[in-house]
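To be precise, the following lines are run.csv, and they hold CSV, C-alpha atoms and all ligand atoms.
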```csv
chain,number,residue,atom,x,y,z
A,1,MET,CA,-31.4,-6.8,19.6
A,2,PRO,CA,-31.0,-8.0,16.0
A,3,VAL,CA,-31.0,-5.0,13.6
A,4,THR,CA,-33.9,-5.5,11.2
A,5,ARG,CA,-35.4,-2.0,11.2
A,6,PRO,CA,-33.7,1.2,10.0
A,7,VAL,CA,-33.1,2.8,13.4
A,8,PHE,CA,-29.9,4.5,14.4
A,9,ARG,CA,-30.7,4.7,18.1
A,10,CYS,CA,-32.8,2.9,20.6
A,11,ASP,CA,-36.4,4.1,21.0
A,12,CYS,CA,-35.3,5.0,24.6
A,13,GLY,CA,-32.8,7.6,23.1
A,14,GLY,CA,-29.7,5.6,24.0
A,15,PHE,CA,-27.3,3.6,21.8
A,16,ILE,CA,-28.2,0.4,20.1
A,17,ASP,CA,-26.1,-2.4,21.3
A,18,VAL,CA,-25.4,-5.1,18.8
A,19,GLU,CA,-25.4,-8.6,20.1
A,20,LEU,CA,-21.9,-9.9,19.2
A,21,THR,CA,-22.3,-13.3,17.7
A,22,GLY,CA,-18.6,-14.4,17.7
A,23,LEU,CA,-15.2,-13.6,16.4
A,24,PHE,CA,-13.5,-14.8,13.2
A,25,ASP,CA,-11.8,-18.2,13.2
A,26,PRO,CA,-8.0,-17.5,13.2
A,27,GLN,CA,-7.3,-20.8,11.4
A,28,GLN,CA,-9.2,-19.5,8.3
A,29,LEU,CA,-7.2,-16.2,8.0
A,30,PRO,CA,-4.5,-17.6,5.7
A,31,GLN,CA,-7.2,-18.4,3.1
A,32,ARG,CA,-8.9,-15.0,3.3
A,33,GLY,CA,-8.6,-11.9,1.2
A,34,MET,CA,-6.6,-8.9,2.4
A,35,SER,CA,-9.4,-6.3,3.2
A,36,ILE,CA,-11.1,-5.8,6.6
A,37,TRP,CA,-13.6,-8.5,5.4
A,38,ARG,CA,-11.1,-11.2,6.3
A,39,TYR,CA,-12.5,-10.7,9.9
A,40,ARG,CA,-16.1,-10.4,8.7
A,41,GLU,CA,-17.8,-12.6,11.5
A,42,ALA,CA,-16.5,-10.0,14.0
A,43,TYR,CA,-18.9,-7.4,12.7
A,44,SER,CA,-22.1,-9.4,13.5
A,45,LEU,CA,-23.9,-8.2,10.4
A,46,PRO,CA,-27.3,-9.7,9.6
A,47,PRO,CA,-26.8,-12.7,7.3
A,48,GLN,CA,-28.3,-11.0,4.2
A,49,CYS,CA,-25.6,-8.3,4.2
A,50,GLU,CA,-22.8,-8.6,1.6
A,51,PRO,CA,-19.6,-6.7,2.0
A,52,VAL,CA,-19.4,-3.3,0.2
A,53,SER,CA,-15.7,-3.1,-0.2
A,54,LEU,CA,-13.1,-0.8,-1.9
A,55,GLY,CA,-10.2,-2.8,-0.6
A,56,GLU,CA,-10.0,-1.0,2.8
A,57,GLY,CA,-7.7,-2.2,5.6
A,58,ARG,CA,-4.3,-4.0,5.6
A,59,THR,CA,-2.6,-0.6,5.9
A,60,PRO,CA,1.2,-0.7,6.4
A,61,LEU,CA,2.8,-0.7,9.8
A,62,LEU,CA,5.9,1.5,9.2
A,63,LYS,CA,8.9,1.4,11.5
A,64,LEU,CA,10.6,4.8,12.0
A,65,ASN,CA,13.0,6.4,14.3
A,66,ILE,CA,11.8,9.9,15.3
A,67,ASN,CA,13.8,12.1,17.6
A,68,GLY,CA,16.0,9.1,18.7
A,69,SER,CA,13.1,6.8,19.5
A,70,ALA,CA,11.8,3.8,17.5
A,71,VAL,CA,8.1,4.0,16.7
A,72,GLN,CA,5.6,2.1,14.5
A,73,LEU,CA,3.1,4.1,12.5
A,74,LYS,CA,-0.1,2.5,11.4
A,75,LEU,CA,-0.7,4.3,8.1
A,76,ASP,CA,-4.5,4.4,8.0
A,77,SER,CA,-4.0,7.5,5.8
A,78,LEU,CA,-3.6,5.0,3.0
A,79,GLN,CA,-7.2,3.9,2.9
A,80,PRO,CA,-9.4,4.2,-0.2
A,81,SER,CA,-10.9,7.6,0.8
A,82,ALA,CA,-7.6,8.4,2.7
A,83,SER,CA,-8.7,8.1,6.3
A,84,PHE,CA,-9.3,5.4,8.9
A,85,LYS,CA,-13.1,6.1,8.7
A,86,ASP,CA,-13.3,3.7,5.7
A,87,ARG,CA,-13.1,0.8,8.2
A,88,GLY,CA,-16.4,1.9,9.8
A,89,ALA,CA,-18.0,3.2,6.6
A,90,SER,CA,-17.5,-0.1,4.7
A,91,VAL,CA,-19.3,-2.1,7.5
A,92,LEU,CA,-22.1,0.5,8.0
A,93,VAL,CA,-22.9,0.9,4.3
A,94,SER,CA,-22.9,-2.9,4.0
A,95,LEU,CA,-25.6,-2.9,6.7
A,96,VAL,CA,-27.6,-0.2,5.0
A,97,LYS,CA,-27.5,-2.0,1.6
A,98,GLY,CA,-28.4,-5.3,3.2
A,99,LEU,CA,-31.5,-3.8,4.8
A,100,ALA,CA,-32.5,-2.6,1.3
A,101,ILE,CA,-32.4,1.1,2.3
A,102,GLN,CA,-31.9,3.4,-0.7
A,103,SER,CA,-30.9,6.7,0.9
A,104,LEU,CA,-28.7,7.7,3.8
A,105,VAL,CA,-27.9,10.9,5.5
A,106,GLU,CA,-24.8,11.7,7.6
A,107,ASP,CA,-23.3,14.7,9.2
A,108,SER,CA,-19.6,15.2,9.2
A,109,SER,CA,-16.9,17.8,9.4
A,110,GLY,CA,-14.9,16.0,6.7
A,111,ASN,CA,-13.5,12.5,6.7
A,112,ALA,CA,-16.5,10.6,7.8
A,113,GLY,CA,-18.6,12.3,5.1
A,114,ALA,CA,-15.9,11.5,2.5
A,115,ALA,CA,-15.8,7.9,3.6
A,116,MET,CA,-19.6,7.4,3.7
A,117,SER,CA,-19.8,9.1,0.3
A,118,ALA,CA,-17.2,6.7,-1.2
A,119,TYR,CA,-19.0,3.6,0.1
A,120,ALA,CA,-22.5,4.9,-0.8
A,121,ALA,CA,-21.1,5.3,-4.4
A,122,ALA,CA,-19.7,1.8,-4.3
A,123,ALA,CA,-23.1,0.5,-3.1
A,124,GLY,CA,-25.2,2.6,-5.5
A,125,LEU,CA,-27.0,4.4,-2.7
A,126,ASN,CA,-28.1,8.0,-2.5
A,127,CYS,CA,-26.2,9.9,0.1
A,128,ARG,CA,-26.6,13.4,1.6
A,129,ILE,CA,-24.0,14.9,3.9
A,130,TYR,CA,-24.7,17.9,6.2
A,131,VAL,CA,-21.4,19.7,6.8
A,132,PRO,CA,-20.5,22.6,9.1
A,133,ASP,CA,-19.2,25.8,7.7
A,134,TYR,CA,-15.6,25.1,8.4
A,135,THR,CA,-15.3,21.8,6.5
A,136,PRO,CA,-12.1,21.9,4.5
A,137,VAL,CA,-12.7,22.3,0.7
A,138,GLY,CA,-10.8,19.2,-0.3
A,139,LYS,CA,-13.1,17.0,1.7
A,140,LEU,CA,-16.2,18.8,0.3
A,141,ILE,CA,-15.0,18.2,-3.2
A,142,GLN,CA,-14.3,14.6,-2.4
A,143,MET,CA,-17.9,14.1,-1.1
A,144,ARG,CA,-19.4,15.9,-4.1
A,145,LEU,CA,-17.4,14.0,-6.7
A,146,TYR,CA,-18.3,10.6,-5.2
A,147,GLY,CA,-21.9,11.8,-6.0
A,148,SER,CA,-23.2,12.9,-2.6
A,149,GLU,CA,-25.5,15.9,-2.1
A,150,VAL,CA,-23.6,18.2,0.2
A,151,VAL,CA,-25.7,20.6,2.4
A,152,ARG,CA,-23.8,23.3,4.3
A,153,VAL,CA,-25.2,24.1,7.7
A,154,ALA,CA,-24.3,27.5,9.1
A,155,GLY,CA,-23.0,27.2,12.6
A,156,THR,CA,-21.4,24.4,14.6
A,157,ARG,CA,-20.9,20.7,14.2
A,158,GLN,CA,-23.8,20.2,16.6
A,159,GLU,CA,-26.1,22.1,14.3
A,160,ALA,CA,-25.1,20.0,11.4
A,161,ALA,CA,-25.9,16.9,13.5
A,162,GLU,CA,-29.3,18.2,14.3
A,163,ALA,CA,-30.1,19.0,10.7
A,164,SER,CA,-29.3,15.4,9.7
A,165,VAL,CA,-31.5,13.9,12.4
A,166,ALA,CA,-34.3,16.1,11.3
A,167,ALA,CA,-33.9,14.9,7.7
A,168,SER,CA,-33.7,11.2,8.7
A,169,HIS,CA,-37.4,10.3,8.8
A,170,ASN,CA,-37.3,9.7,5.0
A,171,SER,CA,-33.8,8.2,4.8
A,172,TYR,CA,-31.5,6.4,7.1
A,173,TYR,CA,-29.3,8.4,9.5
A,174,ALA,CA,-26.1,6.5,9.0
A,175,SER,CA,-24.2,8.3,11.7
A,176,HIS,CA,-20.6,7.4,12.3
A,177,LEU,CA,-21.1,8.7,15.9
A,178,TRP,CA,-24.2,6.8,16.8
A,179,ASN,CA,-24.2,3.6,14.7
A,180,PRO,CA,-22.7,0.6,16.4
A,181,TYR,CA,-21.7,-1.0,13.1
A,182,PHE,CA,-19.4,1.9,12.4
A,183,ILE,CA,-17.5,1.1,15.7
A,184,LEU,CA,-17.6,-2.6,14.9
A,185,GLY,CA,-15.8,-1.9,11.6
A,186,LEU,CA,-13.1,0.1,13.5
A,187,GLN,CA,-12.2,-3.1,15.4
A,188,SER,CA,-10.3,-4.2,12.3
A,189,CYS,CA,-7.4,-1.9,13.1
A,190,ALA,CA,-6.8,-4.0,16.3
A,191,PHE,CA,-7.0,-7.3,14.4
A,192,GLU,CA,-4.5,-6.1,11.8
A,193,LEU,CA,-2.1,-4.9,14.4
A,194,TRP,CA,-2.3,-8.3,16.1
A,195,GLU,CA,-1.5,-10.0,12.8
A,196,GLN,CA,1.2,-7.6,11.8
A,197,LEU,CA,3.0,-7.9,15.2
A,198,ALA,CA,3.2,-11.7,14.9
A,199,GLN,CA,-0.1,-12.3,16.9
A,200,ARG,CA,1.0,-10.2,19.9
A,201,PRO,CA,-0.7,-7.0,21.1
A,202,PRO,CA,1.4,-3.8,21.1
A,203,HIS,CA,2.2,-2.3,24.5
A,204,THR,CA,0.6,1.1,23.8
A,205,VAL,CA,-1.5,2.5,21.0
A,206,VAL,CA,-1.8,6.3,20.5
A,207,VAL,CA,-4.7,7.8,18.5
A,208,PRO,CA,-6.0,11.3,18.0
A,209,LEU,CA,-9.2,11.4,20.0
A,210,GLY,CA,-12.3,13.4,18.9
A,211,SER,CA,-15.5,11.5,19.4
A,212,GLY,CA,-13.4,8.6,20.5
A,213,GLY,CA,-15.0,6.0,18.1
A,214,ASN,CA,-11.6,4.9,16.8
A,215,LEU,CA,-10.3,4.4,20.3
A,216,GLU,CA,-13.5,2.5,21.3
A,217,GLY,CA,-13.3,0.3,18.3
A,218,ILE,CA,-9.6,-0.5,18.7
A,219,HIS,CA,-10.3,-1.4,22.4
A,220,LEU,CA,-13.2,-3.6,21.5
A,221,GLY,CA,-11.1,-5.4,18.9
A,222,PHE,CA,-8.3,-6.2,21.4
A,223,THR,CA,-10.8,-7.0,24.2
A,224,ARG,CA,-12.4,-9.6,21.9
A,225,LEU,CA,-9.0,-11.1,21.0
A,226,LYS,CA,-8.4,-11.5,24.7
A,227,GLN,CA,-11.8,-13.0,25.4
A,228,ALA,CA,-11.1,-15.5,22.6
A,229,GLY,CA,-7.8,-16.4,24.3
A,230,LEU,CA,-5.7,-15.1,21.4
A,231,ILE,CA,-3.8,-12.6,23.5
A,232,ASP,CA,-3.1,-12.3,27.2
A,233,HIS,CA,-3.4,-8.6,27.6
A,234,THR,CA,-4.9,-5.6,25.8
A,235,PRO,CA,-2.8,-2.6,24.9
A,236,ARG,CA,-2.8,0.6,26.9
A,237,LEU,CA,-4.7,3.2,24.8
A,238,ILE,CA,-3.7,6.8,24.7
A,239,GLY,CA,-6.0,9.5,23.3
A,240,ALA,CA,-4.6,12.8,22.1
A,241,GLN,CA,-6.9,15.7,22.5
A,242,ALA,CA,-6.3,19.3,21.2
A,243,ALA,CA,-6.0,21.9,23.9
A,244,ALA,CA,-8.6,24.0,22.2
A,245,CYS,CA,-11.3,21.3,22.8
A,246,ALA,CA,-10.5,18.6,25.3
A,247,PRO,CA,-13.8,17.5,26.9
A,248,VAL,CA,-12.8,13.9,27.2
A,249,HIS,CA,-9.4,14.8,28.7
A,250,ARG,CA,-11.1,17.0,31.3
A,251,ALA,CA,-13.6,14.3,32.3
A,252,PHE,CA,-10.8,11.7,32.4
A,253,GLU,CA,-8.7,13.8,34.7
A,254,ALA,CA,-11.7,14.6,36.9
A,255,GLY,CA,-12.5,10.9,37.3
A,256,SER,CA,-15.9,11.5,35.7
A,257,THR,CA,-17.9,8.9,33.8
A,258,ASP,CA,-19.2,11.3,31.2
A,259,VAL,CA,-18.2,14.6,29.7
A,260,ALA,CA,-19.6,18.1,30.4
A,261,PRO,CA,-20.3,19.8,27.0
A,262,MET,CA,-17.9,22.6,26.2
A,263,ARG,CA,-17.2,25.1,23.4
A,264,ALA,CA,-14.7,24.2,20.8
A,265,GLU,CA,-12.1,26.9,20.1
A,266,PRO,CA,-10.4,26.9,16.7
A,267,THR,CA,-7.5,24.5,16.3
A,268,VAL,CA,-5.3,23.2,13.5
A,269,ALA,CA,-6.6,19.7,14.5
A,270,GLU,CA,-10.2,20.3,13.5
A,271,GLY,CA,-10.9,16.6,13.1
A,272,ILE,CA,-10.7,16.1,16.9
A,273,ALA,CA,-12.4,19.3,17.9
A,274,VAL,CA,-15.6,17.5,19.0
A,275,ALA,CA,-17.3,19.5,21.8
A,276,GLN,CA,-20.0,17.0,22.7
A,277,PRO,CA,-18.9,13.5,21.9
A,278,PRO,CA,-22.0,11.4,22.1
A,279,ARG,CA,-20.3,8.1,23.0
A,280,ALA,CA,-18.0,9.7,25.7
A,281,ALA,CA,-19.1,7.4,28.5
A,282,ALA,CA,-18.1,4.4,26.5
A,283,VAL,CA,-14.8,6.1,25.4
A,284,LEU,CA,-13.9,7.0,29.0
A,285,ALA,CA,-14.6,3.4,30.1
A,286,ALA,CA,-12.4,2.1,27.2
A,287,LEU,CA,-9.5,4.4,28.2
A,288,ARG,CA,-9.7,3.3,31.9
A,289,ASN,CA,-10.2,-0.4,31.1
A,290,SER,CA,-7.1,-0.4,28.9
A,291,GLY,CA,-5.0,1.3,31.6
A,292,GLY,CA,-4.5,4.2,29.3
A,293,ARG,CA,-5.1,7.9,29.5
A,294,THR,CA,-5.6,11.2,27.6
A,295,ILE,CA,-2.8,13.7,26.7
A,296,VAL,CA,-3.6,17.2,25.7
A,297,VAL,CA,-1.4,18.9,23.1
A,298,ASP,CA,-1.5,22.5,21.8
A,299,ASP,CA,-1.4,23.7,18.2
A,300,LYS,CA,2.3,24.5,18.4
A,301,GLU,CA,3.2,21.0,19.4
A,302,ILE,CA,0.8,19.5,16.8
A,303,LEU,CA,2.5,21.6,14.0
A,304,ALA,CA,6.0,20.6,15.3
A,305,ALA,CA,4.9,16.9,15.2
A,306,ALA,CA,3.4,17.4,11.7
A,307,ARG,CA,6.8,18.8,10.5
A,308,LEU,CA,8.6,15.8,11.9
A,309,LEU,CA,6.2,13.5,10.0
A,310,PHE,CA,6.8,15.4,6.7
A,311,GLU,CA,10.6,15.3,7.3
A,312,HIS,CA,10.3,11.5,7.5
A,313,GLY,CA,8.3,11.3,4.3
A,314,VAL,CA,4.9,10.8,5.9
A,315,PHE,CA,2.2,13.2,4.6
A,316,ALA,CA,-0.5,13.4,7.3
A,317,GLU,CA,-3.3,15.7,8.3
A,318,ALA,CA,-2.6,18.1,11.2
A,319,THR,CA,-5.3,16.2,13.2
A,320,SER,CA,-3.3,13.0,12.8
A,321,ALA,CA,-0.1,14.7,13.9
A,322,ALA,CA,-1.8,15.3,17.3
A,323,ALA,CA,-1.2,11.7,18.1
A,324,VAL,CA,2.5,12.0,17.3
A,325,ALA,CA,2.7,15.1,19.5
A,326,ALA,CA,1.2,13.0,22.4
A,327,TRP,CA,3.6,10.2,21.7
A,328,LEU,CA,6.5,12.7,22.0
A,329,ARG,CA,5.3,13.4,25.6
A,330,LEU,CA,5.6,9.7,26.7
A,331,ASP,CA,8.5,8.5,28.7
A,332,ARG,CA,11.3,7.1,26.6
A,333,THR,CA,10.6,3.4,27.3
A,334,ASP,CA,6.9,3.8,26.6
A,335,ARG,CA,7.6,5.7,23.4
A,336,GLU,CA,9.7,2.8,22.1
A,337,GLU,CA,6.9,0.3,22.6
A,338,ALA,CA,4.1,2.3,20.9
A,339,VAL,CA,2.1,2.2,17.8
A,340,VAL,CA,0.8,5.6,16.6
A,341,VAL,CA,-2.2,5.5,14.3
A,342,ILE,CA,-1.9,8.0,11.4
A,343,THR,CA,-5.6,8.6,10.8
A,344,GLY,CA,-5.8,10.8,7.7
A,345,HIS,CA,-3.8,11.8,4.6
A,346,GLY,CA,-2.3,15.3,4.2
A,347,LEU,CA,-3.3,15.6,0.6
A,348,LYS,CA,-6.9,16.1,1.7
A,349,GLY,CA,-6.0,19.4,3.2
A,350,ALA,CA,-2.8,20.3,1.3
A,351,ASP,CA,-4.1,23.9,0.8
A,352,LYS,CA,-4.5,24.3,4.6
A,353,LEU,CA,-1.1,22.7,5.2
A,354,GLY,CA,0.4,25.2,2.7
A,355,ARG,CA,-1.0,28.0,4.8
A,356,LEU,CA,0.1,26.6,8.1
A,357,PHE,CA,3.7,26.1,6.8
A,358,PRO,CA,4.2,29.1,4.5
A,359,ASP,CA,7.0,29.0,2.0
A,360,PRO,CA,9.7,31.4,3.0
A,361,TYR,CA,10.7,32.0,-0.6
A,362,ASN,CA,7.1,32.6,-1.8
A,363,ASN,CA,7.5,30.1,-4.7
A,364,VAL,CA,4.6,27.7,-3.8
B,401,LIG,C1,-12.4,11.5,12.6
B,401,LIG,C2,-11.0,11.7,12.7
B,401,LIG,C3,-10.3,11.6,14.0
B,401,LIG,C4,-11.1,11.4,15.3
B,401,LIG,O1,-11.6,10.1,15.4
B,401,LIG,P1,-12.7,9.8,16.5
B,401,LIG,O2,-13.1,8.4,16.2
B,401,LIG,O3,-13.7,10.9,16.3
B,401,LIG,O4,-12.0,10.0,17.8
B,401,LIG,C5,-8.9,11.7,14.0
B,401,LIG,N1,-8.2,11.9,12.8
B,401,LIG,C6,-8.8,12.0,11.6
B,401,LIG,C7,-8.0,12.3,10.4
B,401,LIG,C8,-10.2,11.9,11.5
B,401,LIG,O5,-10.8,12.1,10.4
```
In structure tokens, write the structure found in this file.
Ligand SMILES: *Cc1c(COP(=O)(O)O)cnc(C)c1O
Amino acid sequence: MPVTRPVFRCDCGGFIDVELTGLFDPQQLPQRGMSIWRYREAYSLPPQCEPVSLGEGRTPLLKLNINGSAVQLKLDSLQPSASFKDRGASVLVSLVKGLAIQSLVEDSSGNAGAAMSAYAAAAGLNCRIYVPDYTPVGKLIQMRLYGSEVVRVAGTRQEAAEASVAASHNSYYASHLWNPYFILGLQSCAFELWEQLAQRPPHTVVVPLGSGGNLEGIHLGFTRLKQAGLIDHTPRLIGAQAAACAPVHRAFEAGSTDVAPMRAEPTVAEGIAVAQPPRAAAVLAALRNSGGRTIVVDDKEILAAARLLFEHGVFAEATSAAAVAAWLRLDRTDREEAVVVITGHGLKGADKLGRLFPDPYNNV
């Protein structure tokens, strides 16, 4: 169905499926700019939508050697608001602006709210973000200084989501969890990897997995490259979940097609502690279609992986380090063939990292 009305889900309660109108023309890429908008046809936006861009995308693919294995890190921590969510926010806010909507609401535990706030500022739109209690202060400040109204909701992530749905009858619920255009923007990571690897797909891609939107978007991007005959196989996708909250892992291992809701226990990787991922069925299908799997990692492993990143000069969030912890669990040959996506920058939560890695000399 073409999107002409400001709806975030189907009247039946399910997801809106966007009719995909075609991929970009690879012949044209050499003449295009360096943001995610070089692939703009792949997002199937209505024709009146113009890009709202802050120069997102084209993040480096860094070759490192960690613990004796070669690896390539896709540094999505180096996006305009410092997480991969800018890929989705840029496309979703372009839709909202193109539909002449003035105000949007979103619920987020951090990076999605920061990304939506940045793009709402760029587009001149009003933005209100409902955040759960435990949202890290750096991300709250980021949202506020981009000009969003930040509303704290006592309780869980789920309660923050319900508050924003309730508020959305007088503004658009631009949900990174529900809105298909957010996922369509996340395809751009796959397109970039394909270009950066001389138009070949990587063997394996490892991501931290919360709601699974990133994994779903990357899988969709590679699937469409394959359908267009530009690659002959899609990469195996591996989703890292935190032991404290692993509903997708549990469903994957049980062979289920959807998740059973569970309680999230506290974890250092709060960005992937999603107890009820709404798109779980699609995420499980993407994992299985890609020949991939989930890997569950505990806080100790996540912090050890974070320390390895710091020692190599890469400053990432603990949530992002979960993917490196999962990568360390792979067999040696698989490890050598993998791309690990570094989803968010460590500076956003430097105070938290300082507490997790206390200074033995008490200087800083
Ligand atoms: C949102 C987020 C994730 C989880 O991504 P999903 O699309 O929810 O699976 C991982 N890392 C960081 C830094 C995030 O902000």
*With only C-alpha atoms as the basis for distance, which of A:Leu308, A:Val205, A:Ala280, A:Ala82 is at the shortest distance from Thr343 of chain A?*
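Distance minimum relative to Thr343 of chain A lands on A:Ala82.
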_Protein and nucleic acid residues within 8 Å of ligand LIG 401 (chain B) (only C-alpha atoms and all ligand atoms) as a list in words_ = Ser77, Ser83, Phe84, Lys85, Gly110, Asn111, Ala112, Leu177, Val207, Pro208, Leu209, Gly210, Ser211, Gly212, Gly213, Asn214, Leu215, Glu216, Gly271, Ile272, Val274, Glu317, Ala318, Thr319, Ser320, Ile342, Thr343, Gly344 and His345 of chain A
*At what distance in Å, to one decimal, does atom CA of Ile302 of chain A lie from atom CA of Arg288 of chain A?*
24.5 Å
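The spacing separating atom CA of Glu56 of chain A from atom CA of Ser290 of chain A amounts to 26.3 Å.
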_Who sits within 9 Å of segment 19-34 of chain A, all atoms listed in the file, same chain under 6 positions skipped, as a PyMOL selection string_ = chain A and resi 1-2+40-44+55-58+224-225+228+230
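Shortest atom-to-atom contact with Asn67 of chain A among A:Glu270, A:Asp351, A:Val324, A:Leu145: A:Val324, counting all atoms listed in the file.
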Produce a table with one row for each residue of segment 262-308 of chain A that has an atom at most 12 Å from any atom of segment 178-183 of chain A, each row naming the nearest atom pair and its distance in Å at one decimal; use all atoms listed in the file; arrange rows by chain and rising residue number; format as a tab-separated table.
```
residue	atom	partner	partner_atom	distance
A:Pro277	CA	A:Trp178	CA	9.9
A:Pro278	CA	A:Trp178	CA	7.4
A:Arg279	CA	A:Trp178	CA	7.4
A:Ala280	CA	A:Trp178	CA	11.2
A:Ala282	CA	A:Ile183	CA	11.3
A:Val283	CA	A:Ile183	CA	11.2
```
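When only C-alpha atoms are used to compute distances to Leu73 of chain A, the closest of the residues A:Ser148, A:Gln196, A:Ser103, A:Asn362 turns out to be A:Gln196.
Taking all atoms listed in the file into account, the polymer residues that have an atom no farther than 6 Å from (-34.3, 7.1, 4.3) are Ser103, Leu104, Asn170, Ser171 and Tyr172 of chain A.
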Residues from last step as file, C-alpha atoms, as a tab-separated table (two decimals), in the frame of the given file:
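File again_7.tsv, as written:
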```tsv
chain	number	residue	atom	x	y	z
A	103	SER	CA	-30.90	6.70	0.90
A	104	LEU	CA	-28.70	7.70	3.80
A	170	ASN	CA	-37.30	9.70	5.00
A	171	SER	CA	-33.80	8.20	4.80
A	172	TYR	CA	-31.50	6.40	7.10
```
